[in-house]
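**Q** Got a file for you: run33.cif, mmCIF, C-alpha atoms.
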```cif
data_structure
loop_
_atom_site.label_atom_id
_atom_site.label_comp_id
_atom_site.auth_asym_id
_atom_site.auth_seq_id
_atom_site.Cartn_x
_atom_site.Cartn_y
_atom_site.Cartn_z
CA MET A 1 -41.79 -12.73 -24.18
CA ALA A 2 -38.28 -11.38 -24.64
CA ASN A 3 -36.22 -13.32 -27.07
CA MET A 4 -33.66 -15.82 -25.85
CA LYS A 5 -30.59 -14.05 -27.23
CA GLU A 6 -31.49 -10.83 -25.41
CA ILE A 7 -31.93 -12.61 -22.12
CA GLN A 8 -28.64 -14.40 -22.53
CA ASP A 9 -26.82 -11.12 -23.13
CA ARG A 10 -28.42 -9.64 -20.08
CA ILE A 11 -27.35 -12.61 -17.95
CA ARG A 12 -23.79 -12.30 -19.17
CA SER A 13 -23.62 -8.60 -18.36
CA VAL A 14 -25.05 -9.10 -14.87
CA GLN A 15 -22.51 -11.84 -14.28
CA ASP A 16 -19.66 -9.53 -15.29
CA THR A 17 -20.87 -6.79 -12.97
CA MET A 18 -21.18 -9.28 -10.17
CA LYS A 19 -17.56 -10.28 -10.66
CA ILE A 20 -16.52 -6.66 -10.20
CA THR A 21 -18.64 -6.06 -7.10
CA ASN A 22 -17.37 -9.28 -5.62
CA ALA A 23 -13.75 -8.28 -6.25
CA MET A 24 -14.32 -4.86 -4.72
CA TYR A 25 -15.81 -6.52 -1.68
CA THR A 26 -12.71 -8.64 -1.20
CA ILE A 27 -10.36 -5.68 -1.70
CA SER A 28 -12.25 -3.54 0.80
CA SER A 29 -12.27 -6.25 3.40
CA SER A 30 -8.50 -6.72 3.18
CA LYS A 31 -7.92 -2.95 3.32
CA LEU A 32 -10.17 -2.74 6.34
CA LYS A 33 -8.16 -5.38 8.12
CA LYS A 34 -4.94 -3.48 7.45
CA ALA A 35 -6.36 -0.17 8.65
CA LYS A 36 -7.65 -1.72 11.86
CA LYS A 37 -4.24 -3.19 12.57
CA ALA A 38 -2.62 0.22 12.09
CA LEU A 39 -5.06 1.81 14.49
CA GLU A 40 -4.42 -0.82 17.12
CA ASP A 41 -0.69 -0.19 16.89
CA THR A 42 -1.02 3.52 17.63
CA GLU A 43 -3.58 3.25 20.39
CA PRO A 44 -1.12 2.88 23.32
CA TYR A 45 0.74 6.01 22.23
CA PHE A 46 -2.43 7.97 21.89
CA TYR A 47 -3.90 6.96 25.23
CA ALA A 48 -0.60 7.66 26.99
CA LEU A 49 -0.58 11.15 25.50
CA GLN A 50 -4.11 11.78 26.64
CA GLY A 51 -3.19 10.54 30.09
CA ALA A 52 -0.17 12.81 30.20
CA ILE A 53 -2.20 15.91 29.38
CA SER A 54 -4.79 15.11 32.01
CA ARG A 55 -2.05 14.51 34.55
CA THR A 56 -0.43 17.82 33.74
CA LEU A 57 -3.76 19.56 34.13
CA ARG A 58 -4.46 17.86 37.40
CA HIS A 59 -1.21 19.09 38.83
CA VAL A 60 -1.38 22.55 37.40
CA PRO A 61 -5.13 23.27 37.40
CA ASP A 62 -4.88 27.00 36.70
CA LEU A 63 -2.49 26.49 33.86
CA GLU A 64 -2.64 29.06 31.13
CA HIS A 65 -1.37 27.94 27.82
CA ARG A 66 -1.96 29.07 24.27
CA TYR A 67 -3.48 25.75 23.25
CA PHE A 68 -6.12 26.10 25.93
CA ASP A 69 -6.88 29.72 25.08
CA GLU A 70 -10.54 30.06 24.07
CA ARG A 71 -9.99 33.54 22.62
CA GLY A 72 -13.30 34.77 24.00
CA THR A 73 -12.70 38.29 22.79
CA VAL A 74 -13.00 37.28 19.16
CA GLN A 75 -16.71 36.79 18.44
CA GLY A 76 -19.26 36.79 15.65
CA LYS A 77 -18.06 37.25 12.10
CA GLU A 78 -14.54 37.89 13.33
CA ARG A 79 -14.19 34.39 14.63
CA LYS A 80 -12.47 32.08 12.20
CA VAL A 81 -13.50 28.47 12.46
CA GLY A 82 -11.76 25.74 10.53
CA TYR A 83 -13.40 22.45 9.64
CA VAL A 84 -11.40 19.45 8.56
CA VAL A 85 -13.76 17.18 6.64
CA ILE A 86 -12.71 13.65 5.85
CA THR A 87 -14.47 12.10 2.86
CA GLY A 88 -13.56 9.31 0.47
CA ASP A 89 -11.66 9.50 -2.78
CA LYS A 90 -14.36 7.65 -4.65
CA GLY A 91 -17.99 6.74 -4.35
CA MET A 92 -19.61 3.32 -4.34
CA ALA A 93 -19.69 3.29 -0.60
CA GLY A 94 -23.36 3.77 0.09
CA ALA A 95 -24.21 6.96 1.97
CA TYR A 96 -20.72 7.29 3.47
CA ASN A 97 -19.68 10.49 1.67
CA HIS A 98 -23.13 12.00 1.78
CA ASN A 99 -23.45 11.64 5.54
CA VAL A 100 -20.17 13.41 6.23
CA GLU A 101 -20.91 16.22 3.81
CA LYS A 102 -24.34 16.73 5.26
CA LEU A 103 -23.06 16.93 8.82
CA ALA A 104 -20.41 19.44 7.77
CA GLU A 105 -23.00 21.63 6.07
CA ASP A 106 -25.35 21.47 9.04
CA LYS A 107 -22.64 22.40 11.49
CA MET A 108 -21.50 25.31 9.38
CA ALA A 109 -25.03 26.61 8.86
CA VAL A 110 -25.69 26.73 12.60
CA ARG A 111 -22.79 29.03 13.46
CA ASP A 112 -22.56 32.60 12.40
CA CYS A 113 -18.85 32.98 11.85
CA ASP A 114 -16.14 32.86 9.27
CA SER A 115 -15.79 29.21 8.20
CA TYR A 116 -12.82 27.66 6.53
CA LEU A 117 -13.02 24.25 4.96
CA PHE A 118 -10.18 21.80 4.77
CA VAL A 119 -11.42 18.86 2.78
CA LEU A 120 -9.71 15.52 2.54
CA GLY A 121 -10.75 13.19 -0.24
CA GLU A 122 -11.78 13.81 -3.81
CA MET A 123 -15.53 13.29 -3.32
CA GLY A 124 -15.85 15.97 -0.67
CA ARG A 125 -13.70 18.37 -2.61
CA GLN A 126 -15.92 18.04 -5.68
CA TYR A 127 -19.08 18.32 -3.62
CA PHE A 128 -18.09 21.53 -1.88
CA THR A 129 -16.65 23.07 -5.03
CA ARG A 130 -19.96 22.45 -6.79
CA ARG A 131 -21.73 24.33 -4.04
CA ASN A 132 -19.31 27.21 -4.35
CA MET A 133 -18.03 26.91 -0.84
CA ALA A 134 -14.64 28.38 -0.14
CA ILE A 135 -12.29 25.48 0.38
CA ASP A 136 -8.60 25.66 1.02
CA THR A 137 -7.13 24.78 -2.36
CA GLN A 138 -3.65 24.20 -1.01
CA PHE A 139 -4.95 21.44 1.16
CA HIS A 140 -4.51 18.39 -1.04
CA TYR A 141 -4.17 15.10 0.71
CA THR A 142 -5.49 11.71 -0.16
CA VAL A 143 -7.28 9.55 2.33
CA GLN A 144 -5.92 6.27 1.05
CA ASN A 145 -3.60 4.40 3.41
CA PRO A 146 -3.50 6.94 6.24
CA THR A 147 0.00 7.39 7.61
CA MET A 148 1.38 9.08 10.68
CA HIS A 149 3.46 11.29 8.43
CA ARG A 150 0.43 12.69 6.63
CA ALA A 151 -1.32 13.29 9.93
CA ARG A 152 1.73 15.17 11.16
CA VAL A 153 1.83 17.41 8.09
CA ILE A 154 -1.86 18.21 8.50
CA SER A 155 -1.57 18.93 12.21
CA GLU A 156 1.49 21.12 11.69
CA LEU A 157 -0.49 23.17 9.23
CA LEU A 158 -3.48 23.53 11.54
CA VAL A 159 -1.44 24.25 14.67
CA ASP A 160 0.53 26.86 12.74
CA LYS A 161 -2.65 28.57 11.53
CA PHE A 162 -4.05 28.47 15.03
CA ASN A 163 -0.93 30.02 16.55
CA LYS A 164 -0.87 32.76 13.96
CA GLY A 165 -4.49 33.62 14.68
CA GLU A 166 -5.67 32.59 11.22
CA LEU A 167 -7.98 30.13 12.91
CA ASP A 168 -9.61 30.48 16.31
CA GLU A 169 -11.26 27.09 16.48
CA VAL A 170 -10.56 23.88 14.64
CA TYR A 171 -12.98 20.99 14.29
CA ILE A 172 -12.63 17.69 12.57
CA ILE A 173 -15.55 15.90 10.95
CA PHE A 174 -15.08 12.22 10.34
CA THR A 175 -16.98 8.95 10.40
CA GLN A 176 -16.81 6.78 13.42
CA MET A 177 -17.29 3.07 13.23
CA ASN A 178 -19.41 1.85 16.11
CA ASN A 179 -19.43 -1.74 14.95
CA SER A 180 -19.25 -3.58 11.67
CA VAL A 181 -22.71 -2.45 10.57
CA ALA A 182 -23.25 0.94 12.25
CA MET A 183 -21.26 4.01 11.33
CA GLU A 184 -22.02 7.59 12.15
CA PRO A 185 -20.46 10.90 11.20
CA ARG A 186 -19.09 12.85 14.15
CA MET A 187 -17.53 16.19 14.83
CA ILE A 188 -14.91 16.81 17.51
CA GLN A 189 -12.98 19.87 18.51
CA LEU A 190 -9.23 19.81 17.92
CA LEU A 191 -8.24 23.30 18.99
CA PRO A 192 -8.32 25.01 21.42
CA LEU A 193 -8.17 22.06 23.73
CA LYS A 194 -10.97 21.83 26.26
CA LYS A 195 -9.82 21.23 29.79
CA ALA A 196 -13.00 19.34 30.50
CA THR A 197 -12.06 16.64 27.98
CA PHE A 198 -9.12 15.61 30.08
CA GLU A 199 -10.70 15.85 33.49
CA VAL A 200 -10.71 12.57 35.30
CA LYS A 201 -13.68 12.09 37.53
CA THR A 202 -12.05 11.51 40.87
CA PRO A 203 -14.00 11.47 44.09
CA ALA A 204 -13.53 14.52 46.27
CA ILE A 205 -9.99 14.18 47.49
CA VAL A 206 -9.06 17.70 46.62
CA ASP A 207 -7.42 18.53 49.93
CA ILE A 208 -5.09 15.57 49.91
CA HIS A 209 -1.61 16.54 48.94
CA GLN A 210 -0.74 15.03 45.59
CA GLU A 211 2.73 14.06 44.56
CA GLU A 212 4.65 16.97 43.10
CA ILE A 213 5.77 16.68 39.55
CA GLU A 214 8.62 18.75 38.34
CA MET A 215 8.37 19.99 34.80
CA VAL A 216 11.62 20.21 32.89
CA PRO A 217 12.47 22.73 31.52
CA SER A 218 9.03 24.31 32.12
CA GLU A 219 5.35 23.42 32.06
CA GLU A 220 4.97 25.35 28.88
CA ALA A 221 7.81 23.54 27.11
CA VAL A 222 6.39 20.18 28.14
CA LEU A 223 2.93 21.06 26.87
CA ASP A 224 4.46 22.47 23.71
CA MET A 225 5.84 19.01 23.07
CA ILE A 226 2.75 17.08 24.04
CA VAL A 227 -0.06 19.05 22.43
CA PRO A 228 1.02 19.03 18.76
CA ASN A 229 1.73 15.31 19.08
CA TYR A 230 -1.64 14.80 20.68
CA ILE A 231 -3.36 16.61 17.82
CA THR A 232 -1.38 14.58 15.32
CA GLY A 233 -2.56 11.46 17.11
CA MET A 234 -6.16 12.67 17.04
CA ILE A 235 -6.00 13.42 13.33
CA TYR A 236 -4.36 10.11 12.64
CA SER A 237 -6.96 8.13 14.51
CA CYS A 238 -9.74 10.10 12.77
CA LEU A 239 -8.14 9.36 9.42
CA VAL A 240 -7.89 5.68 10.17
CA GLU A 241 -11.40 5.56 11.61
CA SER A 242 -12.80 7.25 8.51
CA TYR A 243 -10.79 5.02 6.23
CA SER A 244 -12.07 1.93 8.00
CA SER A 245 -15.63 3.24 7.81
CA GLU A 246 -15.23 3.95 4.12
CA GLN A 247 -13.97 0.45 3.44
CA ASN A 248 -16.68 -0.98 5.61
CA SER A 249 -19.46 0.95 3.85
CA ARG A 250 -18.02 -0.11 0.55
CA MET A 251 -18.01 -3.68 1.74
CA ILE A 252 -21.66 -3.44 2.72
CA ALA A 253 -22.60 -1.67 -0.51
CA MET A 254 -20.78 -4.26 -2.59
CA GLN A 255 -22.30 -7.10 -0.61
CA ASN A 256 -25.75 -5.65 -1.30
CA SER A 257 -25.11 -5.27 -4.99
CA THR A 258 -23.73 -8.78 -5.24
CA ASP A 259 -26.86 -10.01 -3.53
CA SER A 260 -29.16 -8.14 -5.87
CA ALA A 261 -27.12 -9.30 -8.84
CA LYS A 262 -27.77 -12.84 -7.70
CA GLU A 263 -31.46 -12.10 -7.42
CA ILE A 264 -31.60 -10.61 -10.91
CA LEU A 265 -29.70 -13.62 -12.27
CA HIS A 266 -32.20 -15.95 -10.68
CA GLU A 267 -35.13 -14.13 -12.27
CA LEU A 268 -33.41 -13.92 -15.61
CA ASN A 269 -32.67 -17.62 -15.51
CA ILE A 270 -36.32 -18.39 -14.94
CA SER A 271 -37.46 -16.20 -17.79
CA TYR A 272 -34.74 -17.64 -20.01
CA ASN A 273 -35.94 -21.16 -19.25
CA ARG A 274 -39.53 -20.12 -19.90
CA ALA A 275 -38.56 -18.58 -23.22
CA ARG A 276 -36.66 -21.71 -24.16
CA GLN A 277 -39.56 -23.93 -23.16
CA ALA A 278 -42.00 -21.73 -25.06
CA SER A 279 -39.97 -21.94 -28.24
CA ILE A 280 -39.71 -25.74 -27.94
CA THR A 281 -43.42 -26.04 -27.33
CA GLN A 282 -44.11 -23.87 -30.30
CA GLU A 283 -41.84 -25.95 -32.54
CA ILE A 284 -43.53 -29.15 -31.45
CA THR A 285 -46.95 -27.68 -32.08
CA GLU A 286 -45.82 -26.64 -35.52
CA VAL A 287 -44.41 -30.08 -36.30
CA ILE A 288 -47.55 -31.84 -35.07
CA SER A 289 -49.91 -29.57 -36.92
CA GLY A 290 -47.83 -29.95 -40.04
CA ALA A 291 -47.90 -33.76 -39.78
CA ARG A 292 -51.67 -33.70 -39.15
CA ALA A 293 -52.25 -31.58 -42.22
CA GLN A 294 -50.33 -34.03 -44.39
CA LYS A 295 -52.33 -37.03 -43.08
CA ARG A 296 -55.59 -35.66 -44.34
CA MET B 1 12.33 -12.34 45.74
CA ALA B 2 15.59 -13.51 44.24
CA GLU B 3 18.94 -12.82 45.82
CA ASN B 4 19.71 -9.96 43.51
CA GLY B 5 16.06 -8.94 43.44
CA GLU B 6 16.83 -5.90 45.50
CA LYS B 7 18.68 -4.30 42.65
CA ASN B 8 17.67 -0.73 42.13
CA THR B 9 15.55 -0.95 39.03
CA PHE B 10 12.64 0.95 37.61
CA TYR B 11 10.04 0.13 35.01
CA LEU B 12 10.74 1.63 31.61
CA LYS B 13 8.29 1.86 28.76
CA VAL B 14 9.18 3.42 25.45
CA ILE B 15 6.13 4.08 23.30
CA ALA B 16 6.55 5.21 19.71
CA ALA B 17 3.67 6.43 17.60
CA ASP B 18 3.37 3.16 15.74
CA ARG B 19 4.30 0.58 18.36
CA VAL B 20 5.44 -0.08 21.88
CA PHE B 21 9.19 0.00 21.39
CA PHE B 22 10.40 -1.37 24.70
CA GLN B 23 9.07 -2.30 28.10
CA GLY B 24 10.85 -3.86 31.01
CA ARG B 25 12.91 -3.20 34.09
CA CYS B 26 15.98 -1.02 33.77
CA LEU B 27 18.88 0.24 35.84
CA SER B 28 19.37 3.57 34.13
CA VAL B 29 18.25 5.57 31.14
CA VAL B 30 19.75 8.64 29.48
CA LEU B 31 17.48 10.90 27.46
CA PRO B 32 18.00 13.88 25.19
CA ALA B 33 16.07 16.67 26.92
CA VAL B 34 15.64 20.02 25.21
CA ASP B 35 18.32 21.52 27.46
CA GLY B 36 20.89 18.69 27.42
CA GLU B 37 20.94 15.05 28.40
CA HIS B 38 19.22 13.75 31.50
CA ALA B 39 20.08 10.52 33.22
CA ILE B 40 17.41 8.79 35.26
CA LEU B 41 18.09 6.14 37.87
CA ALA B 42 15.67 4.19 39.99
CA HIS B 43 13.50 6.09 42.48
CA HIS B 44 13.92 9.33 40.67
CA SER B 45 11.68 12.15 41.82
CA ASP B 46 8.49 12.60 39.81
CA MET B 47 8.97 14.74 36.78
CA MET B 48 7.99 15.44 33.21
CA ILE B 49 10.69 16.15 30.70
CA ALA B 50 10.32 17.48 27.18
CA THR B 51 12.73 15.62 24.92
CA SER B 52 14.10 16.44 21.51
CA THR B 53 15.35 14.29 18.63
CA GLY B 54 18.42 12.31 19.61
CA THR B 55 19.47 9.03 21.16
CA ILE B 56 18.34 7.28 24.30
CA ARG B 57 20.54 4.79 26.11
CA PHE B 58 19.22 2.40 28.68
CA ARG B 59 20.73 -0.37 30.73
CA THR B 60 18.37 -3.24 31.34
CA GLU B 61 18.10 -5.32 34.48
CA SER B 62 20.58 -7.86 33.13
CA GLY B 63 23.16 -5.15 32.46
CA GLU B 64 22.82 -4.98 28.70
CA VAL B 65 23.08 -1.50 27.21
CA HIS B 66 20.62 -0.63 24.46
CA GLU B 67 20.59 2.39 22.24
CA ALA B 68 17.87 3.86 20.10
CA VAL B 69 17.21 6.93 18.02
CA VAL B 70 14.06 8.76 19.06
CA GLY B 71 12.05 11.66 17.70
CA THR B 72 10.63 14.52 19.71
CA GLY B 73 8.36 13.74 22.57
CA PHE B 74 8.41 13.75 26.31
CA THR B 75 9.10 11.57 29.29
CA GLN B 76 7.21 11.19 32.49
CA VAL B 77 8.64 9.77 35.66
CA ILE B 78 5.95 8.79 38.11
CA ASN B 79 6.25 6.40 41.04
CA ASN B 80 9.39 4.79 39.74
CA ARG B 81 7.82 4.20 36.36
CA VAL B 82 9.37 5.93 33.39
CA THR B 83 7.31 6.38 30.25
CA ILE B 84 8.96 7.79 27.17
CA LEU B 85 6.53 8.90 24.49
CA VAL B 86 8.12 9.71 21.16
CA GLU B 87 7.21 10.20 17.53
CA PHE B 88 9.40 7.33 16.46
CA ALA B 89 11.99 5.02 17.98
CA GLU B 90 14.45 2.90 16.04
CA ARG B 91 17.21 0.48 16.95
CA PRO B 92 20.59 1.09 15.28
CA GLU B 93 20.15 -1.94 13.05
CA GLU B 94 16.77 -0.71 11.85
CA ILE B 95 18.11 2.55 10.50
CA ASP B 96 18.41 2.93 6.77
CA ALA B 97 21.63 4.93 6.49
CA LEU B 98 21.19 5.62 2.82
CA ARG B 99 17.71 7.01 3.31
CA ALA B 100 18.87 9.10 6.23
CA ARG B 101 21.75 10.53 4.22
CA GLU B 102 19.43 11.39 1.36
CA ALA B 103 17.01 13.01 3.78
CA MET B 104 19.83 15.02 5.30
CA GLU B 105 21.02 16.25 1.94
CA ARG B 106 17.50 17.13 0.91
CA ALA B 107 16.95 19.08 4.12
CA GLN B 108 20.26 20.91 3.79
CA GLU B 109 19.41 21.85 0.25
CA GLN B 110 16.01 23.16 1.30
CA LEU B 111 17.52 25.16 4.13
CA ARG B 112 19.61 27.11 1.63
CA GLN B 113 16.48 28.25 -0.14
CA LYS B 114 13.98 30.84 0.92
CA GLN B 115 11.26 29.30 3.00
CA SER B 116 8.32 30.30 5.11
CA GLN B 117 8.66 30.10 8.87
CA GLN B 118 6.64 26.91 8.97
CA GLU B 119 8.63 25.27 6.21
CA TYR B 120 11.82 26.27 7.96
CA TYR B 121 10.82 24.51 11.17
CA HIS B 122 9.69 21.51 9.20
CA THR B 123 13.02 21.17 7.38
CA GLN B 124 14.96 21.78 10.52
CA ALA B 125 13.08 18.98 12.25
CA SER B 126 13.69 16.55 9.40
CA LEU B 127 17.37 17.54 9.35
CA ALA B 128 17.60 16.80 13.07
CA ARG B 129 15.97 13.40 12.54
CA ALA B 130 18.32 12.50 9.70
CA MET B 131 21.40 13.62 11.65
CA ALA B 132 20.39 11.66 14.74
CA ARG B 133 19.94 8.54 12.63
CA LEU B 134 23.24 9.01 10.86
CA ARG B 135 25.13 9.65 14.06
CA MET B 136 23.92 6.34 15.39
CA THR B 137 24.89 4.33 12.29
CA ASN B 138 28.30 5.98 12.01
CA LYS B 139 29.11 5.27 15.60
CA ASN B 140 28.16 1.65 15.16
CA ASN B 141 30.31 1.24 12.10
CA ILE B 142 33.36 2.47 13.96
CA ASN B 143 32.69 0.09 16.80
CA ARG B 144 32.44 -2.88 14.48
CA LYS B 145 35.60 -2.24 12.53
#
```
Can you present the structure in this file as structure tokens?
**A**
Amino acid sequence: MANMKEIQDRIRSVQDTMKITNAMYTISSSKLKKAKKALEDTEPYFYALQGAISRTLRHVPDLEHRYFDERGTVQGKERKVGYVVITGDKGMAGAYNHNVEKLAEDKMAVRDCDSYLFVLGEMGRQYFTRRNMAIDTQFHYTVQNPTMHRARVISELLVDKFNKGELDEVYIIFTQMNNSVAMEPRMIQLLPLKKATFEVKTPAIVDIHQEEIEMVPSEEAVLDMIVPNYITGMIYSCLVESYSSEQNSRMIAMQNSTDSAKEILHELNISYNRARQASITQEITEVISGARAQKR
Amino acid sequence: MAENGEKNTFYLKVIAADRVFFQGRCLSVVLPAVDGEHAILAHHSDMMIATSTGTIRFRTESGEVHEAVVGTGFTQVINNRVTILVEFAERPEEIDALRAREAMERAQEQLRQKQSQQEYYHTQASLARAMARLRMTNKNNINRK
């Protein structure tokens, strides 16, 4: 049986660790609340933008615009595909980082084209550097406290690269939070925009004359205003979604470790009590046998 | 319907990226379009307008005039409902003049230096934002004194 001092030390160390995991749990839960609030605030803007694009498309169905250009002529190795991968800045969040990284790798392996990686978050950056994947080194943004400003800077960069022809397709890989226990990594296309995404399923009323909408100064100028903002909104909501998922996974991970710390403490307490009891019993036996020996 | 219920009003909604800035019935609104200011009254024909950084002015149902600085965005007028979607929207009293002045100076300094095309547009946009904010605060100061 382990000696009492050892067990006591062990108990103390487990207790200290439990304090830390408990604190991290509380921090994550408050951060999660903040992030969710931020997302709720931007939702009306985002949905209105989406609605505006679909309305524009409905009125000008054969619209040709650079953001909707699929660039079908560029194929195979020539095609440059950018992936924005959102990971966390630190670990201790269960499989959160791993899941995103794995999805990114799978998606890149499937396509035979020139891939460019834009990684957000320290964990992902380290992971992909270790695997000798070419990542954009200039792309250094943190994922803590996502702000609209950061999203705008990122989207400006991507839209600029897309317009210059340095990227033909842009995807974003992030983690979506389905509910407080289920999260899954997802990939969505940012550029070029797919007309199908905005199509509203209306019953066949094609022949009915719809109200005319005048575009000032031109359709192109209006879309030029809407699309970059829309992409900014997309990136922002992905950032917030990922951030919430990260905090949520950390909460779950920390909850689990607190629980197992409690379990270990319980077991240690039992063995400590046993050890204590054993030593008492032994002392008594010694005293009794000593007294008996003197009697004779 | 009240006696003055037949006033010519329309429904205005100003949505900024981080909040719904204003919603309610209005008599008129003036917006900074890319090619000059546009005024919209009730029952305007349907239209979509790209707007740049500048100020919007709107007169509410009760006759009060409100002003706000807005970022780039666009406006849609559909069925007598006007929706203004902008990057940001701020009331005059919310503007931090000192910050805006610093931002303006920073942008002007950057514009003097050699920049890439993208950086140039970026600085120009932040300069426009700072100037729009400053214009609003300056105007208000004159009015008060």
**Q** Just so the selection is clear, what residues does the PyMOL selection byres ((chain B) within 12 of (chain A)) cover here, as a PyMOL selection string?
**A** chain B and resi 13-21+32-38+44-53+71-79+82-88+116-119+121-123+125-126
**Q** Tell me, in Å to one decimal, how far CA of Ala68 (chain B) is from CA of Met104 (chain B).
**A** 18.6 Å
**Q** I'd like the neighbourhood of Arg12 (chain A) as a CSV table (one decimal) with C-alpha atoms, in the frame of the given file, where a residue qualifies if any of its atoms comes within 12 Å (using only C-alpha atoms), though same-chain residues fewer than 6 positions away should be ignored.
**A**
```
chain,number,residue,atom,x,y,z
A,5,LYS,CA,-30.6,-14.0,-27.2
A,6,GLU,CA,-31.5,-10.8,-25.4
A,18,MET,CA,-21.2,-9.3,-10.2
A,19,LYS,CA,-17.6,-10.3,-10.7
A,261,ALA,CA,-27.1,-9.3,-8.8
A,264,ILE,CA,-31.6,-10.6,-10.9
A,265,LEU,CA,-29.7,-13.6,-12.3
A,268,LEU,CA,-33.4,-13.9,-15.6
A,269,ASN,CA,-32.7,-17.6,-15.5
```
**Q** Might you spell out which residues the PyMOL selection byres ((chain B and resi 132) around 10) would select in the displayed file, as a PDB file with C-alpha atoms, in the coordinates of the input?
**A**
```pdb
ATOM      1  CA  THR B  53      15.350  14.290  18.630  1.00  0.00           C
ATOM      2  CA  GLY B  54      18.420  12.310  19.610  1.00  0.00           C
ATOM      3  CA  THR B  55      19.470   9.030  21.160  1.00  0.00           C
ATOM      4  CA  ALA B  68      17.870   3.860  20.100  1.00  0.00           C
ATOM      5  CA  VAL B  69      17.210   6.930  18.020  1.00  0.00           C
ATOM      6  CA  VAL B  70      14.060   8.760  19.060  1.00  0.00           C
ATOM      7  CA  GLY B  71      12.050  11.660  17.700  1.00  0.00           C
ATOM      8  CA  ALA B 100      18.870   9.100   6.230  1.00  0.00           C
ATOM      9  CA  SER B 126      13.690  16.550   9.400  1.00  0.00           C
ATOM     10  CA  LEU B 127      17.370  17.540   9.350  1.00  0.00           C
ATOM     11  CA  ALA B 128      17.600  16.800  13.070  1.00  0.00           C
ATOM     12  CA  ARG B 129      15.970  13.400  12.540  1.00  0.00           C
ATOM     13  CA  ALA B 130      18.320  12.500   9.700  1.00  0.00           C
ATOM     14  CA  MET B 131      21.400  13.620  11.650  1.00  0.00           C
ATOM     15  CA  ARG B 133      19.940   8.540  12.630  1.00  0.00           C
ATOM     16  CA  LEU B 134      23.240   9.010  10.860  1.00  0.00           C
ATOM     17  CA  ARG B 135      25.130   9.650  14.060  1.00  0.00           C
ATOM     18  CA  MET B 136      23.920   6.340  15.390  1.00  0.00           C
ATOM     19  CA  THR B 137      24.890   4.330  12.290  1.00  0.00           C
TER      20      THR B 137
END
```
**Q** Near region 169-174 of chain A, within 6 Å and counting all atoms listed in the file, which residues show up once chain neighbours fewer than 4 positions away are dropped, as a compact mmCIF listing (two decimals) with C-alpha atoms, keeping the file's coordinate frame?
**A**
```txt
# COMPACT_ATOMS: atom_id res chain seq x y z
CA VAL A 81 -13.50 28.47 12.46
CA GLY A 82 -11.76 25.74 10.53
CA TYR A 83 -13.40 22.45 9.64
CA VAL A 84 -11.40 19.45 8.56
CA VAL A 85 -13.76 17.18 6.64
CA ILE A 86 -12.71 13.65 5.85
CA PRO A 185 -20.46 10.90 11.20
CA ARG A 186 -19.09 12.85 14.15
CA MET A 187 -17.53 16.19 14.83
CA ILE A 188 -14.91 16.81 17.51
CA GLN A 189 -12.98 19.87 18.51
CA LEU A 190 -9.23 19.81 17.92
CA LEU A 191 -8.24 23.30 18.99
CA SER A 242 -12.80 7.25 8.51
```
**Q** CA of Thr175 (chain A) and CA of Asn97 (chain A), how far apart in Å?
**A**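 CA of Thr175 (chain A) lies at a distance of 9.3 Å from CA of Asn97 (chain A).
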**Q** Suppose you want the space between CA of Ile7 (chain A) and CA of Asn22 (chain A); what is it in Å?
**A**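 Going from CA of Ile7 (chain A) over to CA of Asn22 (chain A), I get 22.3 Å.
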**Q** At a cut-off of 10 Å from (-18.1, 20.9, 2.3) in the coordinates of the file, what residues are picked up using all atoms listed in the file, written as a PyMOL selection string?
**A** chain A and resi 83-87+100-106+108+116-120+123-135
**Q** Selection in question (the file shown): the PyMOL selection byres ((chain B and resi 29) around 8). Which residues does it include, as an NGL selection string?
**A** :B and (26-28 or 30-31 or 39-41 or 56-59)
**Q** Write out as a PyMOL selection string the residues lying within 9 Å of Thr21 (chain A), counting only C-alpha atoms and excluding same-chain residues fewer than 2 positions away.
**A** chain A and resi 16-19+23-26+253-255+257-258
